[in-house]
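Reproduced below: upload22.cif, with mmCIF, C-alpha atoms and all ligand atoms.
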```cif
data_my_file
loop_
_atom_site.label_atom_id
_atom_site.label_comp_id
_atom_site.auth_asym_id
_atom_site.auth_seq_id
_atom_site.Cartn_x
_atom_site.Cartn_y
_atom_site.Cartn_z
CA MET A 1 -37.19 1.32 -0.37
CA LYS A 2 -38.94 -0.10 2.67
CA ILE A 3 -37.05 -0.15 5.96
CA LYS A 4 -36.55 -3.73 7.20
CA SER A 5 -35.04 -2.70 10.54
CA ILE A 6 -33.86 0.42 12.33
CA LYS A 7 -31.96 0.53 15.62
CA HIS A 8 -29.37 2.48 17.62
CA ILE A 9 -25.87 0.98 17.67
CA THR A 10 -24.36 3.82 19.72
CA PRO A 11 -26.25 6.57 21.59
CA ASP A 12 -26.35 8.75 18.45
CA VAL A 13 -25.78 6.32 15.57
CA LEU A 14 -28.59 4.49 13.77
CA GLN A 15 -28.22 1.30 11.76
CA ILE A 16 -30.88 1.23 9.06
CA VAL A 17 -31.43 -1.84 6.87
CA THR A 18 -33.61 -1.47 3.79
CA LYS A 19 -34.72 -3.60 0.89
CA LYS A 20 -32.40 -3.39 -2.12
CA PRO A 21 -33.66 -2.22 -5.51
CA PRO A 22 -33.08 -4.74 -8.34
CA ASN A 23 -29.83 -4.19 -10.26
CA TYR A 24 -28.61 -1.63 -7.73
CA ASN A 25 -24.83 -1.97 -7.67
CA PHE A 26 -22.07 -0.18 -5.79
CA THR A 27 -18.46 -0.70 -4.85
CA PRO A 28 -17.34 -0.67 -1.19
CA GLY A 29 -16.81 2.92 -0.04
CA GLN A 30 -19.51 4.40 -2.28
CA ALA A 31 -22.54 6.39 -1.17
CA THR A 32 -25.96 7.54 -2.36
CA GLU A 33 -28.24 10.44 -1.61
CA VAL A 34 -31.12 9.50 0.65
CA ALA A 35 -34.46 11.22 1.25
CA ILE A 36 -37.41 10.22 3.41
CA ASN A 37 -40.64 9.20 1.64
CA LYS A 38 -42.81 11.40 3.79
CA THR A 39 -44.70 14.65 3.04
CA GLY A 40 -42.32 17.61 3.28
CA TRP A 41 -39.16 15.47 3.17
CA LYS A 42 -39.16 13.83 -0.29
CA ASP A 43 -36.92 16.45 -1.92
CA LYS A 44 -34.48 16.81 0.99
CA LYS A 45 -31.52 14.58 0.12
CA ARG A 46 -28.37 13.87 2.12
CA PRO A 47 -25.40 11.61 1.24
CA PHE A 48 -24.89 8.36 3.16
CA THR A 49 -22.47 5.49 2.57
CA PHE A 50 -23.49 1.85 2.12
CA THR A 51 -22.18 -0.28 4.96
CA SER A 52 -23.67 -3.55 3.68
CA LEU A 53 -21.72 -5.51 1.10
CA PRO A 54 -22.44 -5.39 -2.64
CA VAL A 55 -23.31 -9.11 -2.46
CA ASP A 56 -25.93 -8.66 0.31
CA ASP A 57 -29.58 -8.73 -0.75
CA TYR A 58 -30.32 -5.73 1.48
CA LEU A 59 -28.80 -2.27 1.99
CA GLU A 60 -27.44 -1.09 5.32
CA PHE A 61 -26.67 2.49 6.37
CA THR A 62 -24.86 3.57 9.52
CA ILE A 63 -25.93 7.11 10.33
CA LYS A 64 -24.85 9.55 12.97
CA THR A 65 -27.82 11.70 14.01
CA TYR A 66 -27.79 15.42 14.74
CA PRO A 67 -31.09 16.32 16.46
CA PRO A 68 -30.17 20.04 16.85
CA HIS A 69 -29.89 20.43 13.03
CA LYS A 70 -33.60 19.52 12.72
CA GLY A 71 -32.60 18.00 9.36
CA ILE A 72 -32.78 14.54 7.80
CA THR A 73 -30.86 12.67 10.47
CA ASN A 74 -33.20 13.99 13.18
CA GLU A 75 -36.17 12.90 11.06
CA LEU A 76 -34.65 9.42 10.61
CA LEU A 77 -34.88 9.03 14.39
CA LYS A 78 -38.69 9.03 14.07
CA LEU A 79 -38.82 6.24 11.46
CA LYS A 80 -39.79 2.63 12.07
CA LYS A 81 -39.90 -0.67 10.21
CA ASP A 82 -41.87 -0.46 6.91
CA ASP A 83 -41.41 3.33 6.56
CA GLU A 84 -39.67 4.20 3.29
CA LEU A 85 -36.48 5.92 2.13
CA ILE A 86 -35.92 7.30 -1.37
CA LEU A 87 -32.52 6.31 -2.76
CA HIS A 88 -30.78 8.04 -5.63
CA ASP A 89 -27.78 7.25 -7.84
CA VAL A 90 -24.64 5.73 -6.43
CA PHE A 91 -21.57 7.94 -6.47
CA GLY A 92 -17.82 7.96 -5.90
CA ALA A 93 -16.10 8.45 -2.59
CA ILE A 94 -13.28 6.29 -1.26
CA THR A 95 -12.19 3.09 -3.01
CA TYR A 96 -9.63 0.54 -1.86
CA LYS A 97 -6.21 0.86 -3.53
CA GLY A 98 -4.20 -1.63 -1.51
CA GLU A 99 -3.06 -2.49 2.00
CA GLY A 100 -2.52 0.35 4.43
CA VAL A 101 -3.84 2.41 7.29
CA PHE A 102 -7.45 3.58 7.62
CA ILE A 103 -7.88 6.65 9.81
CA ALA A 104 -11.45 7.58 10.74
CA GLY A 105 -13.14 10.16 12.91
CA GLY A 106 -16.67 9.34 14.14
CA ALA A 107 -19.10 8.78 11.24
CA GLY A 108 -16.06 8.93 8.91
CA PHE A 109 -15.74 5.23 9.68
CA THR A 110 -18.68 4.36 7.37
CA PRO A 111 -16.83 3.87 4.05
CA PHE A 112 -14.24 1.78 5.90
CA ILE A 113 -16.94 -0.47 7.42
CA CYS A 114 -17.86 -1.61 3.94
CA ILE A 115 -14.30 -1.82 2.61
CA LEU A 116 -13.01 -3.79 5.62
CA ARG A 117 -16.03 -6.14 5.67
CA TYR A 118 -15.47 -6.76 1.95
CA LEU A 119 -11.77 -7.52 2.48
CA GLN A 120 -12.73 -9.96 5.23
CA LEU A 121 -15.21 -11.67 2.91
CA LYS A 122 -12.43 -12.13 0.35
CA ASN A 123 -9.94 -13.25 3.04
CA GLU A 124 -7.80 -10.24 2.23
CA THR A 125 -7.79 -8.37 5.54
CA GLY A 126 -4.00 -8.81 5.68
CA ALA A 127 -2.13 -6.21 7.71
CA ASN A 128 -4.66 -3.42 7.13
CA LYS A 129 -4.90 -1.23 10.20
CA LEU A 130 -7.70 1.00 11.50
CA ILE A 131 -7.11 4.03 13.68
CA PHE A 132 -10.48 5.21 14.96
CA ALA A 133 -10.92 8.54 16.77
CA ASN A 134 -14.01 9.15 18.88
CA LYS A 135 -15.10 11.32 21.77
CA THR A 136 -15.91 8.49 24.21
CA LYS A 137 -15.83 4.69 24.38
CA GLU A 138 -19.57 4.39 23.81
CA ASP A 139 -19.21 6.28 20.50
CA ILE A 140 -17.08 3.51 18.97
CA ILE A 141 -19.23 2.11 16.17
CA LEU A 142 -19.29 -1.73 15.82
CA LYS A 143 -16.49 -2.13 18.37
CA THR A 144 -16.93 -5.88 18.93
CA GLU A 145 -17.14 -6.71 15.22
CA PHE A 146 -13.99 -4.77 14.33
CA GLU A 147 -12.01 -6.00 17.34
CA LYS A 148 -12.67 -9.46 15.99
CA LEU A 149 -12.01 -8.53 12.37
CA LEU A 150 -8.75 -6.61 12.90
CA GLY A 151 -7.43 -7.79 16.28
CA GLU A 152 -4.39 -5.72 17.27
CA ASN A 153 -4.75 -3.68 14.11
CA PHE A 154 -7.81 -1.93 15.55
CA ILE A 155 -6.52 1.11 17.42
CA ASN A 156 -8.81 3.52 19.22
CA ILE A 157 -8.16 6.99 20.52
CA LEU A 158 -10.65 8.96 22.61
CA SER A 159 -10.63 12.76 22.91
CA ASP A 160 -13.09 13.20 25.79
CA GLU A 161 -12.63 10.12 27.98
CA VAL A 162 -9.66 8.64 29.79
CA THR A 163 -9.70 4.81 29.88
CA HIS A 164 -7.29 1.99 30.64
CA GLU A 165 -7.73 0.40 27.20
CA TYR A 166 -7.38 3.27 24.77
CA ALA A 167 -5.17 6.23 24.00
CA HIS A 168 -6.44 9.62 25.06
CA GLY A 169 -6.22 12.85 23.06
CA GLN A 170 -6.08 13.63 19.35
CA ILE A 171 -4.17 11.96 16.57
CA ASP A 172 -0.82 13.74 16.23
CA ALA A 173 2.50 12.92 14.57
CA GLU A 174 3.80 11.20 17.71
CA PHE A 175 0.71 8.97 17.89
CA LEU A 176 1.01 8.09 14.19
CA LYS A 177 4.71 7.20 14.51
CA ALA A 178 4.03 5.07 17.61
CA ASN A 179 1.18 3.12 16.01
CA ILE A 180 2.18 2.68 12.37
CA ASN A 181 4.89 0.33 11.11
CA GLY A 182 6.36 2.08 8.12
CA PHE A 183 4.91 4.93 6.13
CA ASN A 184 5.44 3.44 2.67
CA GLN A 185 1.85 2.22 2.33
CA GLN A 186 -1.65 3.49 1.49
CA PHE A 187 -3.43 5.90 3.84
CA TYR A 188 -7.21 6.36 3.83
CA ILE A 189 -8.60 9.22 5.88
CA CYS A 190 -12.25 10.03 6.43
CA GLY A 191 -13.77 12.38 8.99
CA PRO A 192 -14.52 16.02 9.70
CA PRO A 193 -12.46 18.37 7.46
CA PRO A 194 -10.28 19.92 10.25
CA MET A 195 -9.24 16.44 11.44
CA MET A 196 -8.42 15.30 7.91
CA GLU A 197 -6.40 18.41 7.10
CA ALA A 198 -4.36 18.02 10.29
CA ILE A 199 -3.63 14.34 9.62
CA VAL A 200 -2.70 14.87 5.96
CA LYS A 201 -0.27 17.57 7.09
CA GLN A 202 1.27 15.27 9.71
CA LEU A 203 1.60 12.39 7.23
CA THR A 204 3.24 14.52 4.54
CA THR A 205 5.64 15.96 7.11
CA ILE A 206 6.55 12.40 8.14
CA GLY A 207 7.30 11.71 4.46
CA VAL A 208 4.19 10.01 3.03
CA ILE A 209 3.79 10.90 -0.65
CA GLU A 210 0.55 12.67 -1.62
CA LYS A 211 -0.37 9.90 -4.09
CA ALA A 212 -0.57 7.41 -1.22
CA ILE A 213 -3.17 9.44 0.68
CA THR A 214 -6.90 9.07 -0.08
CA THR A 215 -9.31 11.40 1.71
CA GLU A 216 -13.08 11.84 1.95
CA LYS A 217 -14.85 14.37 4.08
CA ILE A 218 -18.00 13.45 6.00
C1 LIG A 301 -20.08 11.26 0.46
C2 LIG A 301 -20.63 11.37 1.88
C3 LIG A 301 -21.01 10.22 2.54
C4 LIG A 301 -21.53 10.29 3.85
N1 LIG A 301 -21.87 9.14 4.50
C5 LIG A 301 -22.31 9.20 5.77
C6 LIG A 301 -22.65 8.01 6.49
O1 LIG A 301 -22.57 6.89 5.97
N2 LIG A 301 -23.06 8.13 7.77
C7 LIG A 301 -23.17 9.36 8.39
O2 LIG A 301 -23.54 9.41 9.56
N3 LIG A 301 -22.89 10.50 7.72
C8 LIG A 301 -22.48 10.46 6.44
N4 LIG A 301 -22.21 11.62 5.78
C9 LIG A 301 -22.52 12.90 6.43
C10 LIG A 301 -24.04 13.17 6.32
O3 LIG A 301 -24.37 13.36 4.97
C11 LIG A 301 -24.48 14.36 7.18
O4 LIG A 301 -24.24 14.11 8.52
C12 LIG A 301 -25.94 14.61 6.95
O5 LIG A 301 -26.11 15.20 5.69
C13 LIG A 301 -26.54 15.50 8.01
O6 LIG A 301 -27.85 15.75 7.60
P1 LIG A 301 -28.88 16.55 8.48
O7 LIG A 301 -30.02 16.91 7.54
O8 LIG A 301 -29.28 15.83 9.70
O9 LIG A 301 -28.14 17.82 8.96
P2 LIG A 301 -27.43 19.00 8.14
O10 LIG A 301 -27.67 18.89 6.68
O11 LIG A 301 -26.02 19.09 8.62
O12 LIG A 301 -28.20 20.21 8.71
C14 LIG A 301 -29.55 20.56 8.43
C15 LIG A 301 -29.69 22.04 8.67
O13 LIG A 301 -29.35 22.33 10.05
C16 LIG A 301 -28.61 23.52 10.16
N5 LIG A 301 -27.33 23.23 10.86
C17 LIG A 301 -26.16 22.82 10.32
N6 LIG A 301 -25.21 22.67 11.27
C18 LIG A 301 -25.79 22.97 12.44
C19 LIG A 301 -25.36 22.99 13.78
N7 LIG A 301 -24.09 22.68 14.11
N8 LIG A 301 -26.25 23.33 14.74
C20 LIG A 301 -27.53 23.66 14.42
N9 LIG A 301 -27.99 23.66 13.16
C21 LIG A 301 -27.16 23.33 12.19
C22 LIG A 301 -28.41 24.03 8.74
O14 LIG A 301 -29.36 25.06 8.52
C23 LIG A 301 -28.71 22.86 7.85
O15 LIG A 301 -29.27 23.20 6.62
C24 LIG A 301 -21.69 11.57 4.48
C25 LIG A 301 -21.32 12.73 3.79
C26 LIG A 301 -20.78 12.64 2.52
C27 LIG A 301 -20.37 13.90 1.81
#
```
Before anything else, please render the file you have as structure tokens.
Amino acid sequence: MKIKSIKHITPDVLQIVTKKPPNYNFTPGQATEVAINKTGWKDKKRPFTFTSLPVDDYLEFTIKTYPPHKGITNELLKLKKDDELILHDVFGAITYKGEGVFIAGGAGFTPFICILRYLQLKNETGANKLIFANKTKEDIILKTEFEKLLGENFINILSDEVTHEYAHGQIDAEFLKANINGFNQQFYICGPPPMMEAIVKQLTTIGVIEKAITTEKI
């Protein structure tokens, strides 16, 4: 698929928009494996989540880049409009099961971008809440869009920067209790495995039943 546009939306996150293959369907939260259509890279696939909506006539990916890995995401940094990506089958990952709390760390926000945009499209944003953990303020992906979409239900916490606007530190039981009204709802967690394990443990200790917790590692 040809790249229609490629740009940075945070210092290390790229937004890549491509053409959409005919009859290519997915549900919000799903991903595909992506390779670069360039000699030496065609068979190197990595999973990325769709952040465009199923109804859009293009595909959008929101990709955190890791130049030191010298892998795919570093190579994506060299691409420009009209270069091509190779997309594979669509697969699982997180799906929406009802109103609740989305907890994301860094690039773990990507499945929630699609799910929350889709809920907005259907006028079903309701009381869904997003808790988004990042290192610094400039790492917050699509800050303006999600402030508008979720209002007071968009809660940020920064581990490496102290600000006037946002909480500082890591998500712990005290932070969860202070920011969540009631634990009898759905919980969706996506981020690096150590963060997810810690949060699942805190939620179950608070009394959330396992069935109400959906996780996906990124
Ligand atoms: C279902 C799913 C959906 C995902 N969706 C998204 C998404 O939408 N957006 C997003 O940003 N990410 C997403 N990810 C994560 C994404 O797939 C990885 O960040 C990506 O595969 C990294 O690819 P890479 O080739 O750049 O680096 P890697 O595959 O991590 O590394 C390439 C090579 O670098 C070496 N390496 C590994 N770690 C290090 C290190 N710390 N330092 C130096 N070298 C190292 C290894 O030899 C490795 O083979 C998703 C993951 C999953 C499982």
Sorted by chain and rising residue number, which residues of chain A lie within 9 Å of ligand LIG 301 (chain A), and what are their closest atom pairs and distances in Å to one decimal, counting all atoms listed in the file, as CSV?
```
residue,atom,partner,partner_atom,distance
A:Val13,CA,A:LIG301,O2,7.1
A:Leu14,CA,A:LIG301,O2,8.2
A:Gly29,CA,A:LIG301,C3,8.8
A:Gln30,CA,A:LIG301,C1,7.4
A:Ala31,CA,A:LIG301,C3,5.5
A:Thr32,CA,A:LIG301,C3,7.5
A:Glu33,CA,A:LIG301,O3,8.2
A:Val34,CA,A:LIG301,O3,8.9
A:Lys44,CA,A:LIG301,O7,7.9
A:Lys45,CA,A:LIG301,O5,7.8
A:Arg46,CA,A:LIG301,O5,4.4
A:Pro47,CA,A:LIG301,O3,4.2
A:Phe48,CA,A:LIG301,N1,3.4
A:Thr49,CA,A:LIG301,O1,3.7
A:Phe50,CA,A:LIG301,O1,6.4
A:Thr51,CA,A:LIG301,O1,7.3
A:Phe61,CA,A:LIG301,O1,6.0
A:Thr62,CA,A:LIG301,N2,5.2
A:Ile63,CA,A:LIG301,O2,3.4
A:Lys64,CA,A:LIG301,O2,3.7
A:Thr65,CA,A:LIG301,O8,6.1
A:Tyr66,CA,A:LIG301,O8,5.3
A:Pro67,CA,A:LIG301,O8,7.0
A:Pro68,CA,A:LIG301,C20,5.1
A:His69,CA,A:LIG301,O13,3.6
A:Lys70,CA,A:LIG301,O13,5.8
A:Gly71,CA,A:LIG301,O7,3.3
A:Ile72,CA,A:LIG301,O7,3.6
A:Thr73,CA,A:LIG301,O8,3.6
A:Asn74,CA,A:LIG301,O8,5.6
A:Glu75,CA,A:LIG301,O8,7.6
A:Leu76,CA,A:LIG301,O8,8.4
A:Phe91,CA,A:LIG301,C1,7.8
A:Gly92,CA,A:LIG301,C1,7.5
A:Ala93,CA,A:LIG301,C1,5.7
A:Ile94,CA,A:LIG301,C1,8.6
A:Gly106,CA,A:LIG301,O2,8.3
A:Ala107,CA,A:LIG301,O2,4.8
A:Gly108,CA,A:LIG301,C5,7.0
A:Phe109,CA,A:LIG301,O1,7.9
A:Thr110,CA,A:LIG301,O1,4.8
A:Pro111,CA,A:LIG301,O1,6.8
A:Glu216,CA,A:LIG301,C1,7.2
A:Lys217,CA,A:LIG301,C27,6.0
A:Ile218,CA,A:LIG301,C25,4.1
```
Rounded to one decimal place, report the CA of Cys190 in chain A-CA of Ala104 in chain A distance in Å.
5.0 Å
Determine, counting all atoms listed in the file, which protein, DNA and RNA residues have an atom within 9 Å of an atom of range 139-144 of chain A; residues of the same chain fewer than 4 positions away are not included. Present the result as a compact mmCIF listing (two decimals) with C-alpha atoms, in the coordinates of the input.
```
# COMPACT_ATOMS: atom_id res chain seq x y z
CA ILE A 9 -25.87 0.98 17.67
CA THR A 10 -24.36 3.82 19.72
CA PRO A 11 -26.25 6.57 21.59
CA ASP A 12 -26.35 8.75 18.45
CA VAL A 13 -25.78 6.32 15.57
CA THR A 62 -24.86 3.57 9.52
CA GLY A 106 -16.67 9.34 14.14
CA ALA A 107 -19.10 8.78 11.24
CA PHE A 109 -15.74 5.23 9.68
CA ILE A 113 -16.94 -0.47 7.42
CA PHE A 132 -10.48 5.21 14.96
CA ALA A 133 -10.92 8.54 16.77
CA ASN A 134 -14.01 9.15 18.88
CA LYS A 135 -15.10 11.32 21.77
CA LYS A 148 -12.67 -9.46 15.99
CA LEU A 149 -12.01 -8.53 12.37
CA ASN A 156 -8.81 3.52 19.22
```
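Between Lys129 in chain A and the candidates A:Phe154, A:Trp41, A:Phe175, A:Phe183, the tightest atom-to-atom separation, counting all atoms listed in the file, involves A:Phe154.
When only C-alpha atoms are used to measure the gap to Leu158 in chain A, the shortest distance among A:Glu84, A:Glu145, A:Glu138, A:Glu60 belongs to A:Glu138.
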